[in-house]
$ cat query.cif   # mmCIF, C-alpha atoms
data_entry
loop_
_atom_site.label_atom_id
_atom_site.label_comp_id
_atom_site.auth_asym_id
_atom_site.auth_seq_id
_atom_site.Cartn_x
_atom_site.Cartn_y
_atom_site.Cartn_z
CA MET A 1 4.80 -7.67 99.54
CA SER A 2 3.76 -4.96 97.14
CA ALA A 3 4.16 -7.04 94.01
CA ASP A 4 0.73 -5.92 92.79
CA THR A 5 1.66 -2.81 90.87
CA PRO A 6 4.69 -4.23 89.04
CA LEU A 7 2.70 -7.31 88.02
CA LEU A 8 -0.16 -5.21 86.65
CA SER A 9 2.19 -2.96 84.73
CA LEU A 10 4.01 -6.03 83.44
CA LEU A 11 0.75 -7.49 82.15
CA THR A 12 -0.33 -4.20 80.57
CA THR A 13 2.89 -3.58 78.63
CA THR A 14 1.17 -5.20 75.64
CA PRO A 15 -2.45 -4.63 74.53
CA LEU A 16 -3.16 -8.34 75.04
CA PHE A 17 -4.36 -7.86 78.62
CA ALA A 18 -6.99 -5.27 77.65
CA VAL A 19 -8.03 -7.33 74.60
CA GLY A 20 -8.29 -10.51 76.68
CA LEU A 21 -10.28 -8.73 79.37
CA THR A 22 -12.72 -7.40 76.75
CA LEU A 23 -13.15 -10.83 75.13
CA ALA A 24 -13.72 -12.47 78.51
CA ALA A 25 -16.28 -9.87 79.60
CA TYR A 26 -18.06 -10.14 76.26
CA LEU A 27 -18.28 -13.95 76.32
CA LEU A 28 -19.31 -14.01 79.96
CA GLY A 29 -21.88 -11.26 79.36
CA SER A 30 -23.35 -13.15 76.39
CA ALA A 31 -23.51 -16.39 78.39
CA LEU A 32 -25.28 -14.61 81.28
CA PHE A 33 -27.66 -12.98 78.80
CA GLN A 34 -28.65 -16.44 77.47
CA ARG A 35 -29.01 -17.75 81.03
CA LEU A 36 -31.39 -14.88 81.88
CA ARG A 37 -33.45 -15.81 78.78
CA ARG A 38 -32.55 -12.75 76.74
CA PRO A 39 -34.30 -9.93 78.65
CA SER A 40 -35.00 -6.99 76.30
CA TRP A 41 -34.43 -4.45 79.09
CA LEU A 42 -30.93 -5.76 79.81
CA PRO A 43 -29.03 -6.23 76.54
CA ALA A 44 -25.96 -8.49 76.49
CA ILE A 45 -23.74 -5.49 75.78
CA LEU A 46 -24.80 -3.78 79.01
CA ILE A 47 -24.15 -6.91 81.09
CA ALA A 48 -20.72 -7.26 79.46
CA ALA A 49 -19.91 -3.56 79.99
CA LEU A 50 -20.89 -3.78 83.67
CA LEU A 51 -18.69 -6.87 84.11
CA LEU A 52 -15.81 -5.13 82.38
CA ALA A 53 -16.17 -1.94 84.44
CA GLY A 54 -16.32 -4.06 87.60
CA ALA A 55 -13.18 -5.95 86.61
CA LEU A 56 -11.28 -2.72 85.86
CA ALA A 57 -12.28 -1.25 89.22
CA LEU A 58 -11.37 -4.47 91.00
CA ILE A 59 -7.85 -4.80 89.62
CA GLY A 60 -7.30 -1.03 89.77
CA LEU A 61 -6.52 -0.52 86.10
CA PRO A 62 -7.24 3.12 85.10
CA TYR A 63 -9.74 3.41 82.26
CA THR A 64 -7.33 5.38 80.06
CA ASP A 65 -4.74 2.58 80.34
CA TYR A 66 -7.36 -0.01 79.45
CA GLN A 67 -8.56 2.11 76.53
CA GLN A 68 -5.02 2.34 75.19
CA GLY A 69 -4.80 -1.43 74.91
CA ALA A 70 -8.39 -1.93 73.74
CA LYS A 71 -7.64 0.34 70.75
CA TRP A 72 -6.40 -2.83 69.05
CA LEU A 73 -10.00 -4.03 69.08
CA THR A 74 -11.80 -0.75 68.44
CA VAL A 75 -9.75 -0.15 65.30
CA LEU A 76 -11.81 -2.99 63.79
CA LEU A 77 -14.94 -0.81 64.12
CA GLY A 78 -13.96 0.83 60.81
CA PRO A 79 -13.95 -2.34 58.67
CA ALA A 80 -16.94 -3.69 60.65
CA THR A 81 -18.95 -0.59 59.70
CA VAL A 82 -17.91 -1.11 56.07
CA ALA A 83 -19.02 -4.75 56.38
CA LEU A 84 -22.59 -3.54 57.06
CA GLY A 85 -22.70 -2.70 53.35
CA MET A 86 -23.22 -6.42 52.66
CA PRO A 87 -26.56 -6.91 54.50
CA LEU A 88 -27.56 -3.51 53.16
CA TYR A 89 -27.00 -4.77 49.59
CA GLN A 90 -28.76 -8.07 50.28
CA GLN A 91 -31.88 -6.23 51.46
CA LEU A 92 -31.72 -3.59 48.74
CA PRO A 93 -34.87 -4.80 46.90
CA ARG A 94 -36.97 -4.48 50.07
CA ILE A 95 -35.48 -1.09 50.82
CA VAL A 96 -36.11 0.20 47.29
CA GLU A 97 -39.71 -0.96 47.67
CA LEU A 98 -40.10 1.36 50.64
CA TRP A 99 -37.82 4.23 49.61
CA ARG A 100 -40.57 6.85 49.49
CA PRO A 101 -42.01 6.41 53.02
CA LEU A 102 -38.49 5.97 54.42
CA ALA A 103 -37.31 9.16 52.71
CA ILE A 104 -40.23 11.10 54.22
CA CYS A 105 -39.89 9.54 57.66
CA LEU A 106 -36.13 9.91 58.03
CA PRO A 107 -35.70 13.72 58.19
CA ILE A 108 -38.69 14.15 60.51
CA ALA A 109 -37.80 11.28 62.84
CA ALA A 110 -34.07 12.04 62.94
CA THR A 111 -34.73 15.71 63.70
CA LEU A 112 -37.20 14.85 66.45
CA ALA A 113 -34.82 12.25 67.92
CA ALA A 114 -32.45 15.12 68.70
CA CYS A 115 -35.08 17.79 69.48
CA TYR A 116 -37.18 15.94 72.09
CA SER A 117 -34.23 15.31 74.39
CA LEU A 118 -32.73 18.74 73.80
CA ALA A 119 -36.04 20.44 74.64
CA ILE A 120 -36.51 18.39 77.81
CA ALA A 121 -32.91 18.96 78.96
CA TRP A 122 -33.23 22.69 78.21
CA LEU A 123 -36.51 22.93 80.17
CA LEU A 124 -34.79 21.20 83.10
CA GLY A 125 -32.09 23.87 83.01
CA SER A 126 -29.11 22.00 81.55
CA SER A 127 -26.02 23.98 80.54
CA ASP A 128 -25.05 24.68 76.93
CA THR A 129 -22.18 22.19 77.18
CA ILE A 130 -24.54 19.42 78.25
CA LEU A 131 -26.97 20.26 75.45
CA ALA A 132 -24.09 20.16 72.96
CA SER A 133 -22.95 16.81 74.37
CA ILE A 134 -26.31 15.03 74.12
CA ALA A 135 -27.49 16.53 70.81
CA ALA A 136 -26.03 13.67 68.74
CA LYS A 137 -27.36 10.97 71.10
CA SER A 138 -29.06 8.90 68.39
CA VAL A 139 -26.12 8.95 65.97
CA THR A 140 -23.60 6.13 65.63
CA ALA A 141 -20.45 6.78 67.70
CA PRO A 142 -17.82 7.48 65.00
CA ILE A 143 -20.07 10.15 63.44
CA ALA A 144 -21.45 11.47 66.75
CA ILE A 145 -17.97 12.19 68.13
CA GLY A 146 -17.25 14.45 65.16
CA ILE A 147 -20.57 16.28 65.53
CA THR A 148 -20.10 16.82 69.28
CA GLU A 149 -16.62 18.29 68.79
CA GLN A 150 -18.08 20.72 66.26
CA LEU A 151 -20.84 21.77 68.68
CA GLY A 152 -18.47 22.19 71.62
CA GLY A 153 -19.69 19.31 73.77
CA THR A 154 -17.86 16.71 75.91
CA THR A 155 -17.02 13.39 74.22
CA ALA A 156 -17.19 11.37 77.45
CA LEU A 157 -20.68 12.65 78.22
CA LEU A 158 -21.70 12.02 74.61
CA LEU A 159 -20.60 8.37 74.86
CA GLY A 160 -22.62 8.07 78.06
CA ALA A 161 -25.65 9.55 76.33
CA LEU A 162 -25.09 7.14 73.43
CA LEU A 163 -25.03 4.13 75.75
CA VAL A 164 -28.17 5.17 77.63
CA THR A 165 -29.98 5.98 74.38
CA GLY A 166 -28.96 2.74 72.67
CA VAL A 167 -29.89 0.57 75.62
CA ILE A 168 -33.19 2.33 76.30
CA THR A 169 -34.17 2.24 72.61
CA ILE A 170 -34.50 -1.55 72.69
CA PRO A 171 -37.30 -1.82 75.30
CA CYS A 172 -38.87 1.41 73.96
CA VAL A 173 -39.17 -0.09 70.48
CA SER A 174 -40.70 -3.35 71.70
CA LEU A 175 -43.09 -1.40 73.94
CA ALA A 176 -44.12 1.09 71.24
CA ALA A 177 -44.43 -1.66 68.61
CA ARG A 178 -46.80 -3.62 70.82
CA TRP A 179 -48.76 -0.46 71.62
CA LEU A 180 -49.09 0.53 67.94
CA HIS A 181 -49.71 -3.10 66.83
CA ILE A 182 -46.63 -3.20 64.59
CA ASP A 183 -44.97 -6.55 63.93
CA ASP A 184 -43.30 -5.69 60.62
CA GLU A 185 -39.60 -6.50 61.08
CA ARG A 186 -38.66 -3.84 58.54
CA LEU A 187 -40.28 -1.05 60.55
CA ILE A 188 -38.97 -2.33 63.87
CA GLY A 189 -35.45 -2.61 62.43
CA PHE A 190 -35.54 0.87 60.93
CA ALA A 191 -36.75 2.38 64.23
CA LEU A 192 -34.04 0.49 66.14
CA GLY A 193 -31.25 1.80 63.88
CA LEU A 194 -32.61 5.34 63.62
CA ASN A 195 -32.98 5.82 67.38
CA GLY A 196 -30.53 3.34 68.85
CA HIS A 197 -27.55 3.50 66.44
CA ALA A 198 -25.08 0.58 66.72
CA ILE A 199 -26.62 -0.89 69.89
CA GLY A 200 -30.07 -0.88 68.28
CA THR A 201 -28.61 -2.36 65.09
CA VAL A 202 -26.95 -5.18 67.00
CA ARG A 203 -30.33 -5.93 68.60
CA ALA A 204 -32.04 -5.82 65.18
CA PHE A 205 -29.63 -8.47 63.83
CA GLU A 206 -30.71 -10.67 66.76
CA ILE A 207 -34.30 -10.37 65.50
CA SER A 208 -33.58 -11.17 61.83
CA PRO A 209 -31.27 -10.27 58.93
CA THR A 210 -34.06 -8.14 57.43
CA ALA A 211 -34.49 -6.14 60.64
CA GLY A 212 -30.69 -5.82 60.80
CA ALA A 213 -30.41 -4.47 57.27
CA PHE A 214 -33.15 -1.90 57.86
CA ALA A 215 -31.43 -0.96 61.11
CA SER A 216 -28.07 -0.40 59.35
CA LEU A 217 -29.92 1.70 56.80
CA GLY A 218 -31.66 3.75 59.51
CA MET A 219 -28.40 4.12 61.42
CA SER A 220 -26.32 5.31 58.47
CA LEU A 221 -28.97 7.66 57.07
CA THR A 222 -29.55 9.21 60.50
CA GLY A 223 -25.79 9.64 60.89
CA ILE A 224 -25.37 11.35 57.54
CA PHE A 225 -28.47 13.52 57.94
CA THR A 226 -27.61 14.63 61.48
CA ALA A 227 -23.94 15.22 60.67
CA VAL A 228 -24.88 17.60 57.87
CA LEU A 229 -27.78 19.45 59.49
CA LEU A 230 -27.14 19.58 63.24
CA PRO A 231 -24.03 21.82 63.15
CA LEU A 232 -25.89 24.16 60.76
CA ALA A 233 -28.98 24.28 62.98
CA TRP A 234 -26.76 24.90 66.01
CA ARG A 235 -25.19 27.94 64.34
CA LEU A 236 -28.62 29.27 63.33
CA VAL A 237 -29.89 29.08 66.91
CA GLY A 238 -26.74 30.96 67.89
CA MET A 239 -25.28 28.45 70.32
CA GLY A 240 -21.68 27.44 71.03
CA GLY A 241 -19.36 27.07 68.07
CA MET B 242 -7.55 -17.36 52.66
CA PRO B 243 -10.87 -15.96 51.36
CA ALA B 244 -11.58 -14.28 54.72
CA LEU B 245 -8.21 -12.56 54.61
CA SER B 246 -8.65 -11.15 51.11
CA GLY B 247 -12.21 -10.11 52.03
CA PHE B 248 -10.84 -8.33 55.07
CA LEU B 249 -8.36 -6.53 52.84
CA TRP B 250 -11.29 -5.34 50.72
CA LEU B 251 -13.10 -4.02 53.80
CA ILE B 252 -9.98 -2.17 54.94
CA SER B 253 -9.51 -0.77 51.43
CA TYR B 254 -13.06 0.61 51.37
CA TRP B 255 -12.49 2.19 54.78
CA LEU B 256 -9.28 3.79 53.49
CA ILE B 257 -11.09 5.05 50.38
CA GLY B 258 -13.60 6.60 52.80
CA GLU B 259 -10.71 8.39 54.53
CA VAL B 260 -9.47 9.72 51.19
CA VAL B 261 -12.95 10.91 50.22
CA ILE B 262 -13.31 12.74 53.55
CA HIS B 263 -9.89 14.30 53.15
CA PHE B 264 -10.79 15.82 49.80
CA THR B 265 -14.44 16.71 50.40
CA ALA B 266 -14.38 17.66 54.11
CA LEU B 267 -17.71 15.80 54.50
CA PRO B 268 -18.68 15.53 58.18
CA ILE B 269 -19.30 11.76 57.86
CA SER B 270 -17.23 8.86 59.18
CA SER B 271 -15.08 6.93 56.70
CA GLY B 272 -16.79 3.71 57.83
CA VAL B 273 -20.18 4.94 56.61
CA ILE B 274 -18.73 6.12 53.28
CA GLY B 275 -17.01 2.73 52.90
CA MET B 276 -20.29 0.97 53.74
CA LEU B 277 -22.21 2.89 51.08
CA LEU B 278 -19.43 2.32 48.51
CA LEU B 279 -19.34 -1.41 49.30
CA CYS B 280 -23.12 -1.61 48.93
CA ALA B 281 -22.92 0.25 45.59
CA THR B 282 -20.12 -2.04 44.34
CA LEU B 283 -22.07 -5.18 45.27
CA ALA B 284 -25.15 -3.75 43.53
CA VAL B 285 -23.12 -3.18 40.35
CA ARG B 286 -21.61 -6.70 40.50
CA GLY B 287 -25.01 -8.17 41.34
CA ARG B 288 -23.78 -10.66 43.94
CA VAL B 289 -21.69 -10.95 47.12
CA PRO B 290 -18.25 -12.49 46.42
CA ASN B 291 -17.33 -15.33 48.79
CA ASN B 292 -14.32 -13.57 50.24
CA ILE B 293 -16.34 -10.47 51.20
CA ALA B 294 -19.00 -12.63 52.87
CA ALA B 295 -16.33 -14.64 54.72
CA ALA B 296 -14.87 -11.46 56.22
CA ALA B 297 -18.05 -9.41 56.69
CA GLN B 298 -20.21 -12.03 58.43
CA PRO B 299 -17.95 -12.63 61.47
CA LEU B 300 -17.14 -8.92 61.77
CA ILE B 301 -20.82 -7.96 61.92
CA ALA B 302 -21.35 -10.62 64.57
CA LEU B 303 -18.57 -8.98 66.60
CA LEU B 304 -19.94 -5.41 66.36
CA ALA B 305 -21.30 -5.52 69.91
CA MET B 306 -17.91 -6.48 71.30
CA LEU B 307 -16.12 -3.79 69.31
CA ILE B 308 -18.17 -0.96 70.83
CA MET B 309 -17.71 -2.28 74.38
CA PRO B 310 -14.44 -0.46 75.22
CA GLY B 311 -16.13 2.87 74.41
CA VAL B 312 -19.30 1.97 76.27
CA VAL B 313 -17.38 1.14 79.46
CA GLY B 314 -16.01 4.70 79.58
CA VAL B 315 -19.41 5.91 80.78
CA PHE B 316 -18.99 4.35 84.18
CA PHE B 317 -15.85 6.41 84.70
CA ILE B 318 -17.38 9.87 84.12
CA ILE B 319 -20.32 9.45 86.48
CA GLY B 320 -18.59 11.46 89.20
CA GLU B 321 -17.84 14.41 86.93
CA LEU B 322 -21.41 15.58 86.45
CA ALA B 323 -22.92 15.20 89.89
CA GLY B 324 -26.21 17.06 90.21
CA GLN B 325 -26.80 17.18 86.45
CA TRP B 326 -27.51 13.50 85.99
CA THR B 327 -31.21 13.54 86.80
CA ALA B 328 -31.93 16.13 84.12
CA ILE B 329 -29.74 14.34 81.57
CA LEU B 330 -31.27 10.94 82.29
CA ILE B 331 -34.86 12.23 82.17
CA ALA B 332 -34.10 14.01 78.89
CA LEU B 333 -32.56 10.87 77.36
CA LEU B 334 -35.18 8.39 78.60
CA LEU B 335 -38.25 10.49 77.84
CA GLY B 336 -36.77 11.90 74.64
CA THR B 337 -35.91 8.44 73.31
CA LEU B 338 -39.33 7.01 74.17
CA LEU B 339 -41.04 9.95 72.42
CA SER B 340 -38.86 9.70 69.32
CA VAL B 341 -39.27 5.91 69.07
CA VAL B 342 -43.04 6.29 69.25
CA THR B 343 -42.94 9.06 66.63
CA THR B 344 -40.74 7.02 64.28
CA LEU B 345 -42.91 3.91 64.47
CA TRP B 346 -46.15 5.88 64.23
CA LEU B 347 -44.87 7.79 61.18
CA LEU B 348 -43.68 4.58 59.48
CA LYS B 349 -47.01 2.91 60.17
CA ARG B 350 -48.93 5.87 58.77
CA LEU B 351 -46.70 6.10 55.69
CA ILE B 352 -46.46 2.39 54.91
CA GLY B 353 -49.81 1.26 56.24
CA GLN B 354 -50.70 -2.35 55.52
CA PRO B 355 -48.50 -3.28 52.55
CA ASN B 356 -49.85 -6.82 52.45
CA VAL B 357 -53.50 -5.77 52.13
CA ARG B 358 -53.16 -3.85 48.87
#
$ encode --input "query.cif" --output "structure tokens"
Amino acid sequence: MSADTPLLSLLTTTPLFAVGLTLAAYLLGSALFQRLRRPSWLPAILIAALLLAGALALIGLPYTDYQQGAKWLTVLLGPATVALGMPLYQQLPRIVELWRPLAICLPIAATLAACYSLAIAWLLGSSDTILASIAAKSVTAPIAIGITEQLGGTTALLLGALLVTGVITIPCVSLAARWLHIDDERLIGFALGLNGHAIGTVRAFEISPTAGAFASLGMSLTGIFTAVLLPLAWRLVGMGG
Amino acid sequence: MPALSGFLWLISYWLIGEVVIHFTALPISSGVIGMLLLCATLAVRGRVPNNIAAAAQPLIALLAMLIMPGVVGVFFIIGELAGQWTAILIALLLGTLLSVVTTLWLLKRLIGQPNVR
């Protein structure tokens, strides 16, 4: 009997299937993450995403169909980003204390975050489209998508670059912090948010609320700075458009 | 009901962000504008109202789950860029390591040992 397809399309007539699948993968991924004793090289979000991708492939649900249903969850990203204003406010005194070094560090670090990867990709002979797609790799997704469209890149590739960057930022930060003898949660948080956007910020909140607040600060400032300057710089270099 | 009214506040700030973007054409997401406005409002009021905290806390805890649907998309474009992946991956891995080291090194140089002053 070929009851498979009708059943699947019956289940996916409402977004509940995609939402349930996402919740299940997330909870299972988090549980596995705890079981594995929280490895820094394998964040819970990556385990959950792998489980979810495996499940989609297994039941034969096309990604676009899943995405359609999961929109009911992703729409909450807007208010959740707004919610980050609360920890930001709670840590405001510590941030004000450090505003001068942070203000100097941000433009340099955010520029280099884009330039290093662009230079390496360019040296390795990547096409203009690829360069345009990975340029916003350290910017939080809702902002990065806008930037990439302006530069003429591919959104799917950008999201891939975002995932890789976010995931790799976590072990990079713990490695570099050990190497440079840094154990200040404020610095670690800021570096996580600046380089690893939302994924880094999620990790920073696992460390402490202070690290999380500095990560949200780093993430939002990097987003604003890059969104304003990258399209301008792109035009100056005479690429895409 | 405090969580519900707090949630309404968060949505309102997001919508204000949309309006601001519509009139200023700023290349920033409405979520970030809403976040900055919320932070400014709390700073003016001098405290976090219970309803905002009741809505914001659980939402922040769920951030990781909310970005999952987007993250999963990556596994479905792998085939499209065959042959380019090595260059892209090297650029992302090496570039991120370099920029993380630079960020931390800069911060350390600029902030130094704040406790030893």
$ resolve_selection --input "query.cif" --expression "the PyMOL selection byres ((chain B) within 7 of (chain A))" --output "PyMOL selection string"
chain B and resi 251-252+254-255+268-270+272-273+275-277+279-280+283-284+297+300-301+304-310+312-316+318+328-329+332-334+336-338+340-345+347-348+351-352
$ atom_distance --input "query.cif" --atom1 "atom CA of Ile207 of chain A" --atom2 "atom CA of Ala302 of chain B"
13.0 Å
$ resolve_selection --input "query.cif" --expression "the PyMOL selection byres ((chain A and resi 151) around 8)" --output "count of residues only"
12
$ axis_aligned_box --input "query.cif" --around "segment 331-343 of chain B" --padding-each-side "8 Å" --output "JSON"
{"center_x": -37.8, "center_y": 10.0, "center_z": 74.4, "size_x": 26.5, "size_y": 24.1, "size_z": 31.5}
$ resolve_selection --input "query.cif" --expression "the PyMOL selection byres ((chain A and resi 9) around 12)" --output "PDB file with C-alpha atoms, in the frame of the given file"
ATOM      1  CA  ALA A   3       4.160  -7.040  94.010  1.00  0.00           C
ATOM      2  CA  ASP A   4       0.730  -5.920  92.790  1.00  0.00           C
ATOM      3  CA  THR A   5       1.660  -2.810  90.870  1.00  0.00           C
ATOM      4  CA  PRO A   6       4.690  -4.230  89.040  1.00  0.00           C
ATOM      5  CA  LEU A   7       2.700  -7.310  88.020  1.00  0.00           C
ATOM      6  CA  LEU A   8      -0.160  -5.210  86.650  1.00  0.00           C
ATOM      7  CA  LEU A  10       4.010  -6.030  83.440  1.00  0.00           C
ATOM      8  CA  LEU A  11       0.750  -7.490  82.150  1.00  0.00           C
ATOM      9  CA  THR A  12      -0.330  -4.200  80.570  1.00  0.00           C
ATOM     10  CA  THR A  13       2.890  -3.580  78.630  1.00  0.00           C
ATOM     11  CA  THR A  14       1.170  -5.200  75.640  1.00  0.00           C
ATOM     12  CA  PRO A  15      -2.450  -4.630  74.530  1.00  0.00           C
ATOM     13  CA  PHE A  17      -4.360  -7.860  78.620  1.00  0.00           C
ATOM     14  CA  ALA A  18      -6.990  -5.270  77.650  1.00  0.00           C
ATOM     15  CA  ILE A  59      -7.850  -4.800  89.620  1.00  0.00           C
ATOM     16  CA  GLY A  60      -7.300  -1.030  89.770  1.00  0.00           C
ATOM     17  CA  LEU A  61      -6.520  -0.520  86.100  1.00  0.00           C
ATOM     18  CA  PRO A  62      -7.240   3.120  85.100  1.00  0.00           C
ATOM     19  CA  ASP A  65      -4.740   2.580  80.340  1.00  0.00           C
ATOM     20  CA  TYR A  66      -7.360  -0.010  79.450  1.00  0.00           C
TER      21      TYR A  66
END
$ atom_distance --input "query.cif" --atom1 "atom CA of Val260 of chain B" --atom2 "atom CA of Gly247 of chain B"
20.0 Å
$ closest_residue --input "query.cif" --among "B:Leu339, B:Val285, B:Leu256, B:Ala294" --to "Ser271 of chain B" --atoms "only C-alpha atoms"
B:Leu256
$ atom_distance --input "query.cif" --atom1 "atom CA of Ser208 of chain A" --atom2 "atom CA of Ala296 of chain B"
19.5 Å
$ closest_residue --input "query.cif" --among "B:Thr327, B:Leu278, B:Ser246, B:Gly320" --to "Val261 of chain B" --atoms "all atoms listed in the file"
B:Leu278
$ decode --input "query.cif" --residues "segment 114-129 of chain A" --atoms "N, CA, C and O atoms" --output "PDB file, in the first residue's frame"
ATOM      1  N   ALA A 114      35.148  40.128   8.896  1.00  0.00           N
ATOM      2  CA  ALA A 114      34.738  39.938   7.506  1.00  0.00           C
ATOM      3  C   ALA A 114      35.944  39.784   6.595  1.00  0.00           C
ATOM      4  O   ALA A 114      35.969  38.924   5.714  1.00  0.00           O
ATOM      5  N   CYS A 115      36.994  40.610   6.817  1.00  0.00           N
ATOM      6  CA  CYS A 115      38.116  40.676   5.874  1.00  0.00           C
ATOM      7  C   CYS A 115      38.977  39.411   5.832  1.00  0.00           C
ATOM      8  O   CYS A 115      39.368  38.962   4.762  1.00  0.00           O
ATOM      9  N   TYR A 116      39.273  38.832   7.000  1.00  0.00           N
ATOM     10  CA  TYR A 116      40.113  37.621   7.014  1.00  0.00           C
ATOM     11  C   TYR A 116      39.545  36.556   6.088  1.00  0.00           C
ATOM     12  O   TYR A 116      40.233  36.052   5.203  1.00  0.00           O
ATOM     13  N   SER A 117      38.264  36.215   6.295  1.00  0.00           N
ATOM     14  CA  SER A 117      37.663  35.143   5.511  1.00  0.00           C
ATOM     15  C   SER A 117      37.559  35.518   4.041  1.00  0.00           C
ATOM     16  O   SER A 117      37.788  34.687   3.163  1.00  0.00           O
ATOM     17  N   LEU A 118      37.211  36.794   3.782  1.00  0.00           N
ATOM     18  CA  LEU A 118      37.109  37.231   2.390  1.00  0.00           C
ATOM     19  C   LEU A 118      38.455  37.104   1.696  1.00  0.00           C
ATOM     20  O   LEU A 118      38.543  36.620   0.568  1.00  0.00           O
ATOM     21  N   ALA A 119      39.533  37.540   2.371  1.00  0.00           N
ATOM     22  CA  ALA A 119      40.866  37.485   1.779  1.00  0.00           C
ATOM     23  C   ALA A 119      41.266  36.039   1.489  1.00  0.00           C
ATOM     24  O   ALA A 119      41.769  35.723   0.403  1.00  0.00           O
ATOM     25  N   ILE A 120      41.014  35.152   2.461  1.00  0.00           N
ATOM     26  CA  ILE A 120      41.399  33.753   2.265  1.00  0.00           C
ATOM     27  C   ILE A 120      40.595  33.137   1.118  1.00  0.00           C
ATOM     28  O   ILE A 120      41.161  32.496   0.230  1.00  0.00           O
ATOM     29  N   ALA A 121      39.277  33.376   1.092  1.00  0.00           N
ATOM     30  CA  ALA A 121      38.436  32.824   0.029  1.00  0.00           C
ATOM     31  C   ALA A 121      38.865  33.372  -1.335  1.00  0.00           C
ATOM     32  O   ALA A 121      38.907  32.652  -2.334  1.00  0.00           O
ATOM     33  N   TRP A 122      39.218  34.656  -1.362  1.00  0.00           N
ATOM     34  CA  TRP A 122      39.635  35.291  -2.625  1.00  0.00           C
ATOM     35  C   TRP A 122      40.950  34.686  -3.112  1.00  0.00           C
ATOM     36  O   TRP A 122      41.110  34.358  -4.280  1.00  0.00           O
ATOM     37  N   LEU A 123      41.895  34.479  -2.180  1.00  0.00           N
ATOM     38  CA  LEU A 123      43.181  33.869  -2.528  1.00  0.00           C
ATOM     39  C   LEU A 123      42.983  32.457  -3.066  1.00  0.00           C
ATOM     40  O   LEU A 123      43.719  31.998  -3.934  1.00  0.00           O
ATOM     41  N   LEU A 124      41.969  31.750  -2.531  1.00  0.00           N
ATOM     42  CA  LEU A 124      41.711  30.377  -2.964  1.00  0.00           C
ATOM     43  C   LEU A 124      40.861  30.352  -4.235  1.00  0.00           C
ATOM     44  O   LEU A 124      40.447  29.284  -4.689  1.00  0.00           O
ATOM     45  N   GLY A 125      40.586  31.521  -4.798  1.00  0.00           N
ATOM     46  CA  GLY A 125      39.919  31.586  -6.089  1.00  0.00           C
ATOM     47  C   GLY A 125      38.410  31.461  -6.070  1.00  0.00           C
ATOM     48  O   GLY A 125      37.813  30.987  -7.038  1.00  0.00           O
ATOM     49  N   SER A 126      37.746  31.897  -4.984  1.00  0.00           N
ATOM     50  CA  SER A 126      36.293  31.812  -4.949  1.00  0.00           C
ATOM     51  C   SER A 126      35.652  32.877  -5.844  1.00  0.00           C
ATOM     52  O   SER A 126      36.223  33.936  -6.065  1.00  0.00           O
ATOM     53  N   SER A 127      34.457  32.560  -6.344  1.00  0.00           N
ATOM     54  CA  SER A 127      33.756  33.485  -7.232  1.00  0.00           C
ATOM     55  C   SER A 127      33.200  34.683  -6.462  1.00  0.00           C
ATOM     56  O   SER A 127      33.104  34.655  -5.239  1.00  0.00           O
ATOM     57  N   ASP A 128      32.835  35.725  -7.206  1.00  0.00           N
ATOM     58  CA  ASP A 128      32.278  36.932  -6.588  1.00  0.00           C
ATOM     59  C   ASP A 128      31.019  36.623  -5.786  1.00  0.00           C
ATOM     60  O   ASP A 128      30.783  37.191  -4.723  1.00  0.00           O
ATOM     61  N   THR A 129      30.184  35.698  -6.332  1.00  0.00           N
ATOM     62  CA  THR A 129      28.940  35.356  -5.637  1.00  0.00           C
ATOM     63  C   THR A 129      29.244  34.739  -4.274  1.00  0.00           C
ATOM     64  O   THR A 129      28.586  35.054  -3.280  1.00  0.00           O
TER      65      THR A 129
END
